[in-house]
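Data block for input_5.pdb (PDB, C-alpha atoms):
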```pdb
MODEL        1
ATOM      1  CA  MET A  10       0.000   0.000   0.000  1.00  0.00           C
ATOM      2  CA  LYS A  11       1.400   3.386  -1.004  1.00  0.00           C
ATOM      3  CA  LYS A  12       1.943   6.246   1.418  1.00  0.00           C
ATOM      4  CA  ILE A  13       0.360   9.445   0.142  1.00  0.00           C
ATOM      5  CA  CYS A  14       0.776  12.946   1.548  1.00  0.00           C
ATOM      6  CA  THR A  15      -1.473  15.843   0.581  1.00  0.00           C
ATOM      7  CA  ILE A  16      -0.986  19.454   1.615  1.00  0.00           C
ATOM      8  CA  SER A  17      -3.610  22.133   0.993  1.00  0.00           C
ATOM      9  CA  PHE A  18      -1.938  25.524   1.247  1.00  0.00           C
ATOM     10  CA  SER A  19      -5.139  27.543   1.222  1.00  0.00           C
ATOM     11  CA  GLY A  20      -5.894  29.582   4.302  1.00  0.00           C
ATOM     12  CA  ARG A  21      -9.620  29.237   3.594  1.00  0.00           C
ATOM     13  CA  PRO A  22     -11.465  26.177   4.890  1.00  0.00           C
ATOM     14  CA  GLY A  23     -13.967  24.522   2.589  1.00  0.00           C
ATOM     15  CA  GLY A  24     -12.718  26.061  -0.642  1.00  0.00           C
ATOM     16  CA  ASN A  25     -11.422  24.541  -3.866  1.00  0.00           C
ATOM     17  CA  CYS A  26      -8.111  23.386  -2.365  1.00  0.00           C
ATOM     18  CA  GLY A  27      -9.889  21.532   0.442  1.00  0.00           C
ATOM     19  CA  SER A  28     -12.251  19.914  -2.063  1.00  0.00           C
ATOM     20  CA  ILE A  29      -9.333  18.845  -4.240  1.00  0.00           C
ATOM     21  CA  ALA A  30      -7.606  17.323  -1.194  1.00  0.00           C
ATOM     22  CA  GLY A  31     -10.845  15.423  -0.533  1.00  0.00           C
ATOM     23  CA  GLU A  32     -10.856  14.108  -4.106  1.00  0.00           C
ATOM     24  CA  ILE A  33      -7.257  12.928  -3.684  1.00  0.00           C
ATOM     25  CA  GLN A  34      -8.321  11.065  -0.545  1.00  0.00           C
ATOM     26  CA  LYS A  35     -11.196   9.396  -2.445  1.00  0.00           C
ATOM     27  CA  TYR A  36      -8.934   8.492  -5.361  1.00  0.00           C
ATOM     28  CA  TRP A  37      -6.453   6.639  -3.133  1.00  0.00           C
ATOM     29  CA  GLN A  38      -9.045   5.057  -0.834  1.00  0.00           C
ATOM     30  CA  GLY A  39      -8.268   1.362  -0.465  1.00  0.00           C
ATOM     31  CA  ARG A  40      -5.009   1.705  -2.424  1.00  0.00           C
ATOM     32  CA  GLY A  41      -2.994   3.968  -0.208  1.00  0.00           C
ATOM     33  CA  ALA A  42      -2.691   5.496   3.227  1.00  0.00           C
ATOM     34  CA  VAL A  43      -3.316   9.228   2.858  1.00  0.00           C
ATOM     35  CA  LYS A  44      -2.110  11.884   5.298  1.00  0.00           C
ATOM     36  CA  THR A  45      -3.677  15.277   4.648  1.00  0.00           C
ATOM     37  CA  PHE A  46      -2.484  18.601   6.019  1.00  0.00           C
ATOM     38  CA  ASP A  47      -4.813  21.590   5.709  1.00  0.00           C
ATOM     39  CA  PHE A  48      -3.148  24.968   6.267  1.00  0.00           C
ATOM     40  CA  SER A  49      -6.524  26.536   7.038  1.00  0.00           C
ATOM     41  CA  ALA A  50      -6.467  24.585  10.314  1.00  0.00           C
ATOM     42  CA  LEU A  51      -2.726  24.827  11.101  1.00  0.00           C
ATOM     43  CA  GLU A  52      -0.629  27.332  13.009  1.00  0.00           C
ATOM     44  CA  ILE A  53       2.910  27.439  11.658  1.00  0.00           C
ATOM     45  CA  THR A  54       5.112  30.287  12.845  1.00  0.00           C
ATOM     46  CA  PRO A  55       7.040  32.010  10.070  1.00  0.00           C
ATOM     47  CA  CYS A  56      10.797  32.395  10.328  1.00  0.00           C
ATOM     48  CA  GLY A  57      12.025  35.610  11.838  1.00  0.00           C
ATOM     49  CA  ARG A  58      10.215  35.494  15.164  1.00  0.00           C
ATOM     50  CA  CYS A  59      13.310  34.078  16.824  1.00  0.00           C
ATOM     51  CA  GLU A  60      17.075  34.431  16.947  1.00  0.00           C
ATOM     52  CA  TYR A  61      17.615  31.919  14.113  1.00  0.00           C
ATOM     53  CA  GLU A  62      18.508  29.185  16.554  1.00  0.00           C
ATOM     54  CA  CYS A  63      17.993  26.625  13.773  1.00  0.00           C
ATOM     55  CA  PHE A  64      21.375  27.600  12.322  1.00  0.00           C
ATOM     56  CA  GLY A  65      22.908  26.003  15.389  1.00  0.00           C
ATOM     57  CA  GLY A  66      20.938  22.790  14.987  1.00  0.00           C
ATOM     58  CA  GLN A  67      17.551  21.440  13.957  1.00  0.00           C
ATOM     59  CA  LYS A  68      16.192  21.030  17.469  1.00  0.00           C
ATOM     60  CA  GLY A  69      17.304  24.560  18.332  1.00  0.00           C
ATOM     61  CA  CYS A  70      14.245  25.974  16.560  1.00  0.00           C
ATOM     62  CA  PRO A  71      11.955  27.528  19.195  1.00  0.00           C
ATOM     63  CA  HIS A  72       8.975  26.425  17.073  1.00  0.00           C
ATOM     64  CA  PHE A  73      10.110  22.814  16.794  1.00  0.00           C
ATOM     65  CA  SER A  74       6.771  21.522  18.087  1.00  0.00           C
ATOM     66  CA  ASP A  75       4.517  23.190  15.503  1.00  0.00           C
ATOM     67  CA  PRO A  76       3.216  21.161  12.508  1.00  0.00           C
ATOM     68  CA  GLU A  77       6.088  22.044  10.132  1.00  0.00           C
ATOM     69  CA  PHE A  78       8.211  19.068  11.150  1.00  0.00           C
ATOM     70  CA  ALA A  79       5.274  16.642  10.943  1.00  0.00           C
ATOM     71  CA  ILE A  80       4.556  17.831   7.389  1.00  0.00           C
ATOM     72  CA  CYS A  81       8.196  17.534   6.318  1.00  0.00           C
ATOM     73  CA  GLU A  82       8.427  14.055   7.849  1.00  0.00           C
ATOM     74  CA  ALA A  83       5.194  12.949   6.161  1.00  0.00           C
ATOM     75  CA  ILE A  84       6.470  14.146   2.768  1.00  0.00           C
ATOM     76  CA  THR A  85       9.889  12.562   3.251  1.00  0.00           C
ATOM     77  CA  ASP A  86       8.232   9.306   4.285  1.00  0.00           C
ATOM     78  CA  SER A  87       5.689   9.233   1.427  1.00  0.00           C
ATOM     79  CA  ASP A  88       5.711   7.578  -1.968  1.00  0.00           C
ATOM     80  CA  ILE A  89       3.970  10.563  -3.549  1.00  0.00           C
ATOM     81  CA  THR A  90       3.018  14.001  -2.279  1.00  0.00           C
ATOM     82  CA  TYR A  91       0.423  16.369  -3.678  1.00  0.00           C
ATOM     83  CA  PHE A  92       0.759  20.095  -3.119  1.00  0.00           C
ATOM     84  CA  VAL A  93      -2.604  21.827  -3.610  1.00  0.00           C
ATOM     85  CA  VAL A  94      -1.915  25.526  -4.045  1.00  0.00           C
ATOM     86  CA  PRO A  95      -4.251  28.464  -4.683  1.00  0.00           C
ATOM     87  CA  ASN A  96      -3.222  31.442  -6.774  1.00  0.00           C
ATOM     88  CA  TYR A  97      -3.025  34.691  -4.801  1.00  0.00           C
ATOM     89  CA  CYS A  98      -2.075  37.578  -7.117  1.00  0.00           C
ATOM     90  CA  ASP A  99      -0.201  35.286  -9.556  1.00  0.00           C
ATOM     91  CA  TYR A 100       1.920  33.684  -6.809  1.00  0.00           C
ATOM     92  CA  PRO A 101       1.483  30.890  -4.285  1.00  0.00           C
ATOM     93  CA  PRO A 102       0.034  32.140  -0.969  1.00  0.00           C
ATOM     94  CA  ALA A 103       2.044  33.101   2.107  1.00  0.00           C
ATOM     95  CA  ASN A 104       1.337  29.664   3.619  1.00  0.00           C
ATOM     96  CA  PHE A 105       3.401  28.060   0.859  1.00  0.00           C
ATOM     97  CA  PHE A 106       6.332  30.413   1.464  1.00  0.00           C
ATOM     98  CA  ILE A 107       6.119  29.963   5.244  1.00  0.00           C
ATOM     99  CA  PHE A 108       6.322  26.212   4.666  1.00  0.00           C
ATOM    100  CA  ASN A 109       9.379  26.738   2.424  1.00  0.00           C
ATOM    101  CA  GLU A 110      11.278  28.957   4.819  1.00  0.00           C
ATOM    102  CA  ARG A 111      10.538  26.850   7.897  1.00  0.00           C
ATOM    103  CA  GLY A 112      11.723  23.755   6.025  1.00  0.00           C
ATOM    104  CA  GLN A 113      15.217  25.202   6.308  1.00  0.00           C
ATOM    105  CA  CYS A 114      15.273  24.206   9.956  1.00  0.00           C
ATOM    106  CA  TYR A 115      14.126  20.667   9.152  1.00  0.00           C
ATOM    107  CA  PHE A 116      16.911  20.198   6.611  1.00  0.00           C
ATOM    108  CA  GLN A 117      19.607  22.309   8.312  1.00  0.00           C
ATOM    109  CA  ARG A 118      22.717  20.133   8.649  1.00  0.00           C
ATOM    110  CA  HIS A 119      20.742  17.077   7.538  1.00  0.00           C
ATOM    111  CA  HIS A 120      21.665  16.718   3.880  1.00  0.00           C
ATOM    112  CA  GLU A 121      20.400  13.112   3.915  1.00  0.00           C
ATOM    113  CA  LEU A 122      16.882  14.368   4.772  1.00  0.00           C
ATOM    114  CA  LEU A 123      16.992  16.871   1.925  1.00  0.00           C
ATOM    115  CA  GLU A 124      18.082  14.173  -0.543  1.00  0.00           C
ATOM    116  CA  LYS A 125      15.293  11.889   0.650  1.00  0.00           C
ATOM    117  CA  TYR A 126      12.759  14.756   0.421  1.00  0.00           C
ATOM    118  CA  LEU A 127      13.806  15.649  -3.114  1.00  0.00           C
ATOM    119  CA  ALA A 128      13.597  11.996  -4.199  1.00  0.00           C
ATOM    120  CA  VAL A 129       9.895  11.777  -3.288  1.00  0.00           C
ATOM    121  CA  ARG A 130       7.654  12.178  -6.312  1.00  0.00           C
ATOM    122  CA  LYS A 131       5.633  15.357  -6.033  1.00  0.00           C
ATOM    123  CA  LYS A 132       2.689  16.619  -8.020  1.00  0.00           C
ATOM    124  CA  PHE A 133       1.478  20.191  -7.833  1.00  0.00           C
ATOM    125  CA  ILE A 134      -2.143  21.190  -8.354  1.00  0.00           C
ATOM    126  CA  VAL A 135      -2.756  24.915  -8.750  1.00  0.00           C
ATOM    127  CA  VAL A 136      -6.176  26.540  -8.604  1.00  0.00           C
ATOM    128  CA  SER A 137      -5.582  29.462 -10.927  1.00  0.00           C
ATOM    129  CA  ASN A 138      -7.227  31.412 -13.708  1.00  0.00           C
ATOM    130  CA  THR A 139      -4.010  33.310 -14.493  1.00  0.00           C
ATOM    131  CA  GLY A 140      -0.177  33.154 -14.418  1.00  0.00           C
ATOM    132  CA  ARG A 141       1.880  29.973 -14.362  1.00  0.00           C
ATOM    133  CA  GLU A 142       5.558  30.899 -14.441  1.00  0.00           C
ATOM    134  CA  ASN A 143       5.800  32.038 -10.806  1.00  0.00           C
ATOM    135  CA  PHE A 144       4.392  28.723  -9.616  1.00  0.00           C
ATOM    136  CA  THR A 145       6.698  26.616 -11.735  1.00  0.00           C
ATOM    137  CA  ALA A 146       9.694  28.570 -10.441  1.00  0.00           C
ATOM    138  CA  ALA A 147       8.604  28.145  -6.808  1.00  0.00           C
ATOM    139  CA  PHE A 148       7.945  24.419  -7.243  1.00  0.00           C
ATOM    140  CA  ARG A 149      11.407  23.726  -8.666  1.00  0.00           C
ATOM    141  CA  TYR A 150      12.830  23.920  -5.140  1.00  0.00           C
ATOM    142  CA  HIS A 151      10.875  20.777  -4.255  1.00  0.00           C
ATOM    143  CA  VAL A 152      12.101  18.499  -7.039  1.00  0.00           C
ATOM    144  CA  PRO A 153      15.597  17.342  -8.029  1.00  0.00           C
ATOM    145  CA  GLU A 154      17.684  19.878  -9.910  1.00  0.00           C
ATOM    146  CA  GLY A 155      17.030  19.804 -13.641  1.00  0.00           C
ATOM    147  CA  THR A 156      13.566  18.270 -13.163  1.00  0.00           C
ATOM    148  CA  GLU A 157      10.446  20.134 -14.208  1.00  0.00           C
ATOM    149  CA  PRO A 158       7.656  19.965 -11.620  1.00  0.00           C
ATOM    150  CA  GLU A 159       4.590  17.920 -12.589  1.00  0.00           C
ATOM    151  CA  THR A 160       1.916  20.604 -12.404  1.00  0.00           C
ATOM    152  CA  LEU A 161      -1.799  20.730 -13.146  1.00  0.00           C
ATOM    153  CA  PHE A 162      -3.382  24.161 -13.440  1.00  0.00           C
ATOM    154  CA  LEU A 163      -7.113  24.045 -12.783  1.00  0.00           C
ATOM    155  CA  ALA A 164      -8.799  27.237 -13.979  1.00  0.00           C
ATOM    156  CA  ALA A 165     -12.280  27.515 -12.484  1.00  0.00           C
ATOM    157  CA  ARG A 166     -13.548  29.575 -15.417  1.00  0.00           C
ATOM    158  CA  LYS A 167     -12.524  26.803 -17.857  1.00  0.00           C
ATOM    159  CA  PHE A 168     -15.112  24.623 -16.095  1.00  0.00           C
ATOM    160  CA  GLY A 169     -17.766  27.358 -15.849  1.00  0.00           C
ATOM    161  CA  ARG A 170     -17.049  28.040 -12.166  1.00  0.00           C
ATOM    162  CA  VAL A 171     -16.032  31.059 -10.076  1.00  0.00           C
ATOM    163  CA  SER A 172     -12.964  30.349  -7.912  1.00  0.00           C
ATOM    164  CA  ILE A 173     -14.147  32.226  -4.834  1.00  0.00           C
ATOM    165  CA  LYS A 174     -17.276  30.068  -4.625  1.00  0.00           C
ATOM    166  CA  GLY A 175     -15.138  26.991  -3.978  1.00  0.00           C
ATOM    167  CA  ASP A 176     -17.252  24.737  -6.181  1.00  0.00           C
ATOM    168  CA  LEU A 177     -14.652  23.647  -8.732  1.00  0.00           C
ATOM    169  CA  MET A 178     -14.961  19.965  -7.794  1.00  0.00           C
ATOM    170  CA  ALA A 179     -18.710  20.153  -8.420  1.00  0.00           C
ATOM    171  CA  SER A 180     -17.758  20.069 -12.110  1.00  0.00           C
ATOM    172  CA  PRO A 181     -17.554  16.482 -13.427  1.00  0.00           C
ATOM    173  CA  GLU A 182     -15.041  17.644 -16.055  1.00  0.00           C
ATOM    174  CA  ALA A 183     -12.795  19.243 -13.418  1.00  0.00           C
ATOM    175  CA  ARG A 184     -12.928  16.088 -11.276  1.00  0.00           C
ATOM    176  CA  GLU A 185     -12.035  13.925 -14.301  1.00  0.00           C
ATOM    177  CA  THR A 186      -9.129  16.250 -15.208  1.00  0.00           C
ATOM    178  CA  LEU A 187      -7.860  15.956 -11.636  1.00  0.00           C
ATOM    179  CA  ARG A 188      -8.223  12.153 -11.544  1.00  0.00           C
ATOM    180  CA  ARG A 189      -6.269  11.757 -14.797  1.00  0.00           C
ATOM    181  CA  PHE A 190      -3.467  13.846 -13.267  1.00  0.00           C
ATOM    182  CA  LEU A 191      -3.414  11.828 -10.034  1.00  0.00           C
TER     183      LEU A 191
ENDMDL
END
```
Rendering of file as structure tokens:
Amino acid sequence: MKKICTISFSGRPGGNCGSIAGEIQKYWQGRGAVKTFDFSALEITPCGRCEYECFGGQKGCPHFSDPEFAICEAITDSDITYFVVPNYCDYPPANFFIFNERGQCYFQRHHELLEKYLAVRKKFIVVSNTGRENFTAAFRYHVPEGTEPETLFLAARKFGRVSIKGDLMASPEARETLRRFL
């Protein structure tokens, strides 16, 4: 049985990203063990509210007990990870960048963890009606060097939906597009 990790980076509960994470769970039901992390329900402290103790060692981080480490461990321990990312002004949201910067502490002085993390297959699902290049650039940090991220852009308007309503997965065509990507 495969180990699957899904991370919804939306700060809004019950929106498109949450629905997509639910579809991933359904897709793998009975074929994989799925761990889902929903940033709308998590409290992860951004870097900078400390004295950068992580530079001295991983466990030196004063925020060591928040969910960041559990997410990094789940990804590193998975067979495949799905990043579900909304578009905020043509970039991933702050939650995505907080996750990136806090990951530094997880990997600091643990090159073997970084190698293991990069080796995990990752797929990126972006809820976006506009821009792509900023997402692709941001996702490259999560895959081995020279590898293009596997990314699906789901534009709500393509499926006759309005992103803010959070009903993208109510479209049979959008669900089928997602399932083919999974």
What are the closest atom pairs, with distances in Å to one decimal, for all residues of stretch 111-179 of chain A lying within 12 Å of stretch 17-30 of chain A? Consider all atoms listed in the file, order rows by chain and residue number, and present the result as CSV.
```
residue,atom,partner,partner_atom,distance
A:Phe133,CA,A:Ser17,CA,10.4
A:Ile134,CA,A:Ile29,CA,8.6
A:Val135,CA,A:Cys26,CA,8.5
A:Val136,CA,A:Cys26,CA,7.3
A:Ser137,CA,A:Asn25,CA,10.4
A:Leu161,CA,A:Ile29,CA,11.8
A:Leu163,CA,A:Asn25,CA,9.9
A:Ala164,CA,A:Asn25,CA,10.8
A:Ala165,CA,A:Asn25,CA,9.2
A:Arg170,CA,A:Asn25,CA,10.6
A:Val171,CA,A:Asn25,CA,10.1
A:Ser172,CA,A:Asn25,CA,7.2
A:Ile173,CA,A:Gly24,CA,7.6
A:Lys174,CA,A:Gly24,CA,7.3
A:Gly175,CA,A:Gly24,CA,4.2
A:Asp176,CA,A:Asn25,CA,6.3
A:Leu177,CA,A:Asn25,CA,5.9
A:Met178,CA,A:Ser28,CA,6.3
A:Ala179,CA,A:Ser28,CA,9.1
```
Enclose the full set of atoms of stretch 138-147 of chain A listed in the file within a box whose edges lie along x, y and z, apply 3 Å of padding to each of the six sides, and report centre and edge lengths in Å to one decimal as JSON.
```
{"center_x": 1.2, "center_y": 30.0, "center_z": -10.7, "size_x": 22.9, "size_y": 12.7, "size_z": 13.7}
```
Practice problem: Do a neighbour search on A:Pro153 at 9 Å with all atoms listed in the file, toss out local chain neighbours closer than 2 positions, and write the hits as a PyMOL selection string. | Solution: chain A and resi 124+127-128+149-151+155-157
Please produce a file of those selected residues containing C-alpha atoms, as a short mmCIF file (atom, residue, chain, number, x, y, z; two decimals), keeping the file's coordinate frame.
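Now in part-v9.cif:
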```
data_model
loop_
_atom_site.label_atom_id
_atom_site.label_comp_id
_atom_site.auth_asym_id
_atom_site.auth_seq_id
_atom_site.Cartn_x
_atom_site.Cartn_y
_atom_site.Cartn_z
CA GLU A 124 18.08 14.17 -0.54
CA LEU A 127 13.81 15.65 -3.11
CA ALA A 128 13.60 12.00 -4.20
CA ARG A 149 11.41 23.73 -8.67
CA TYR A 150 12.83 23.92 -5.14
CA HIS A 151 10.88 20.78 -4.26
CA GLY A 155 17.03 19.80 -13.64
CA THR A 156 13.57 18.27 -13.16
CA GLU A 157 10.45 20.13 -14.21
#
```
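Nearest to A:Arg111 of all the residues A:Glu185, A:Glu77, A:Asp99, A:Asp47 is A:Glu77, based on all atoms listed in the file.
Using all atoms listed in the file, the smallest distance between any of A:Ile33, A:Val129, A:Ala146, A:Cys59 and A:Asp86 comes from A:Val129.
Take the candidates A:Gln117, A:Ile16, A:Phe73, A:Phe64 and check each one against A:Phe46 using only C-alpha atoms; the shortest distance goes to A:Ile16.
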Exercise. Carefully work through the PyMOL selection byres ((chain A and resi 67-71) around 12) for this structure and note down the residues it includes, as JSON, numbers by chain.
Key: {"A": [53, 54, 55, 56, 57, 58, 59, 60, 61, 62, 63, 64, 65, 66, 72, 73, 74, 75, 77, 78, 111, 112, 113, 114, 115, 116, 117, 118, 119, 120, 122]}
Anything within 6 Å of (6.7, 15.8, -7.5): list those residues as an mmCIF file with C-alpha atoms, in the frame of the given file, counting only C-alpha atoms and sticking to the file's coordinates.
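Output file out.cif is given in full below:
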```
data_model
loop_
_atom_site.group_PDB
_atom_site.id
_atom_site.type_symbol
_atom_site.label_atom_id
_atom_site.label_comp_id
_atom_site.auth_asym_id
_atom_site.auth_seq_id
_atom_site.Cartn_x
_atom_site.Cartn_y
_atom_site.Cartn_z
ATOM 1 C CA ARG A 130 7.654 12.178 -6.312
ATOM 2 C CA LYS A 131 5.633 15.357 -6.033
ATOM 3 C CA LYS A 132 2.689 16.619 -8.020
ATOM 4 C CA PRO A 158 7.656 19.965 -11.620
ATOM 5 C CA GLU A 159 4.590 17.920 -12.589
#
```
Distance query A:Gly41 at most 10 Å, all atoms listed in the file, self and fewer than 6 positions along chain excluded, as a PDB file with C-alpha atoms, keeping the file's coordinate frame:
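Okay, result08.pdb is ready:
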```pdb
ATOM      1  CA  MET A  10       0.000   0.000   0.000  1.00  0.00           C
ATOM      2  CA  LYS A  11       1.400   3.386  -1.004  1.00  0.00           C
ATOM      3  CA  LYS A  12       1.943   6.246   1.418  1.00  0.00           C
ATOM      4  CA  ILE A  13       0.360   9.445   0.142  1.00  0.00           C
ATOM      5  CA  CYS A  14       0.776  12.946   1.548  1.00  0.00           C
ATOM      6  CA  GLN A  34      -8.321  11.065  -0.545  1.00  0.00           C
ATOM      7  CA  ASP A  88       5.711   7.578  -1.968  1.00  0.00           C
TER       8      ASP A  88
END
```
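Minimum atom-to-atom distances from A:Lys125, A:Ile80, A:Trp37, A:Arg141 to A:Pro101 were compared using only C-alpha atoms, and the lowest value belongs to A:Arg141.
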Quiz item: In Å to one decimal, how far is atom CA of A:Ile89 from atom CA of A:Pro76?
Solution: 19.3 Å
Exercise. Go ahead and compute the interatomic distance for atom CA of A:Ser49 and atom CA of A:Thr90, in Å to one decimal.
Key: 18.3 Å
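Our summary of the geometry notes that atom CA of A:Tyr100 is positioned 22.6 Å from atom CA of A:Gly169.
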A:Arg188 surroundings by only C-alpha atoms, 9 Å radius, close-in-sequence under 2 positions cut, as a CSV table (one decimal) with C-alpha atoms, keeping the file's coordinate frame:
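For reference, selection-v6.csv as written:
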```csv
chain,number,residue,atom,x,y,z
A,32,GLU,CA,-10.9,14.1,-4.1
A,33,ILE,CA,-7.3,12.9,-3.7
A,36,TYR,CA,-8.9,8.5,-5.4
A,183,ALA,CA,-12.8,19.2,-13.4
A,184,ARG,CA,-12.9,16.1,-11.3
A,185,GLU,CA,-12.0,13.9,-14.3
A,186,THR,CA,-9.1,16.2,-15.2
A,190,PHE,CA,-3.5,13.8,-13.3
A,191,LEU,CA,-3.4,11.8,-10.0
```
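Nearest to A:Leu123 of all the residues A:Ser180, A:Thr15, A:Thr145, A:Thr85 is A:Thr85, counting only C-alpha atoms.
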Exercise. Point out the residue among A:Asn138, A:Asn143, A:Asn96, A:Asn104 with the least atom-to-atom distance to A:Arg166, counting only C-alpha atoms.
Key: A:Asn138
Could you complete stretch 157-172 of chain A so that it carries N, CA and C atoms, and give it back as a PDB file, in the coordinates of the input?
```pdb
ATOM      1  N   GLU A 157      11.589  19.220 -14.164  1.00  0.00           N
ATOM      2  CA  GLU A 157      10.446  20.134 -14.208  1.00  0.00           C
ATOM      3  C   GLU A 157       9.334  19.579 -13.325  1.00  0.00           C
ATOM      4  N   PRO A 158       8.731  20.425 -12.493  1.00  0.00           N
ATOM      5  CA  PRO A 158       7.656  19.965 -11.620  1.00  0.00           C
ATOM      6  C   PRO A 158       6.432  19.504 -12.430  1.00  0.00           C
ATOM      7  N   GLU A 159       5.834  18.399 -11.986  1.00  0.00           N
ATOM      8  CA  GLU A 159       4.590  17.920 -12.589  1.00  0.00           C
ATOM      9  C   GLU A 159       3.468  18.782 -12.026  1.00  0.00           C
ATOM     10  N   THR A 160       2.882  19.620 -12.889  1.00  0.00           N
ATOM     11  CA  THR A 160       1.916  20.604 -12.404  1.00  0.00           C
ATOM     12  C   THR A 160       0.637  20.578 -13.237  1.00  0.00           C
ATOM     13  N   LEU A 161      -0.485  20.599 -12.529  1.00  0.00           N
ATOM     14  CA  LEU A 161      -1.799  20.730 -13.146  1.00  0.00           C
ATOM     15  C   LEU A 161      -2.363  22.076 -12.735  1.00  0.00           C
ATOM     16  N   PHE A 162      -2.722  22.890 -13.708  1.00  0.00           N
ATOM     17  CA  PHE A 162      -3.382  24.161 -13.440  1.00  0.00           C
ATOM     18  C   PHE A 162      -4.869  23.971 -13.706  1.00  0.00           C
ATOM     19  N   LEU A 163      -5.665  24.149 -12.662  1.00  0.00           N
ATOM     20  CA  LEU A 163      -7.113  24.045 -12.783  1.00  0.00           C
ATOM     21  C   LEU A 163      -7.703  25.447 -12.743  1.00  0.00           C
ATOM     22  N   ALA A 164      -8.180  25.915 -13.883  1.00  0.00           N
ATOM     23  CA  ALA A 164      -8.799  27.237 -13.979  1.00  0.00           C
ATOM     24  C   ALA A 164     -10.311  27.069 -13.816  1.00  0.00           C
ATOM     25  N   ALA A 165     -10.851  27.642 -12.760  1.00  0.00           N
ATOM     26  CA  ALA A 165     -12.280  27.515 -12.484  1.00  0.00           C
ATOM     27  C   ALA A 165     -13.116  27.973 -13.676  1.00  0.00           C
ATOM     28  N   ARG A 166     -12.734  29.052 -14.309  1.00  0.00           N
ATOM     29  CA  ARG A 166     -13.548  29.575 -15.417  1.00  0.00           C
ATOM     30  C   ARG A 166     -13.582  28.610 -16.606  1.00  0.00           C
ATOM     31  N   LYS A 167     -12.530  27.799 -16.780  1.00  0.00           N
ATOM     32  CA  LYS A 167     -12.524  26.803 -17.857  1.00  0.00           C
ATOM     33  C   LYS A 167     -13.663  25.798 -17.673  1.00  0.00           C
ATOM     34  N   PHE A 168     -14.056  25.590 -16.412  1.00  0.00           N
ATOM     35  CA  PHE A 168     -15.112  24.623 -16.095  1.00  0.00           C
ATOM     36  C   PHE A 168     -16.422  25.322 -15.733  1.00  0.00           C
ATOM     37  N   GLY A 169     -16.533  26.606 -16.098  1.00  0.00           N
ATOM     38  CA  GLY A 169     -17.766  27.358 -15.849  1.00  0.00           C
ATOM     39  C   GLY A 169     -18.001  27.665 -14.380  1.00  0.00           C
ATOM     40  N   ARG A 170     -16.942  27.789 -13.608  1.00  0.00           N
ATOM     41  CA  ARG A 170     -17.049  28.040 -12.166  1.00  0.00           C
ATOM     42  C   ARG A 170     -16.371  29.364 -11.818  1.00  0.00           C
ATOM     43  N   VAL A 171     -16.650  29.847 -10.609  1.00  0.00           N
ATOM     44  CA  VAL A 171     -16.032  31.059 -10.076  1.00  0.00           C
ATOM     45  C   VAL A 171     -15.201  30.621  -8.880  1.00  0.00           C
ATOM     46  N   SER A 172     -13.894  30.860  -8.930  1.00  0.00           N
ATOM     47  CA  SER A 172     -12.964  30.349  -7.912  1.00  0.00           C
ATOM     48  C   SER A 172     -13.404  30.628  -6.484  1.00  0.00           C
TER      49      SER A 172
END
```
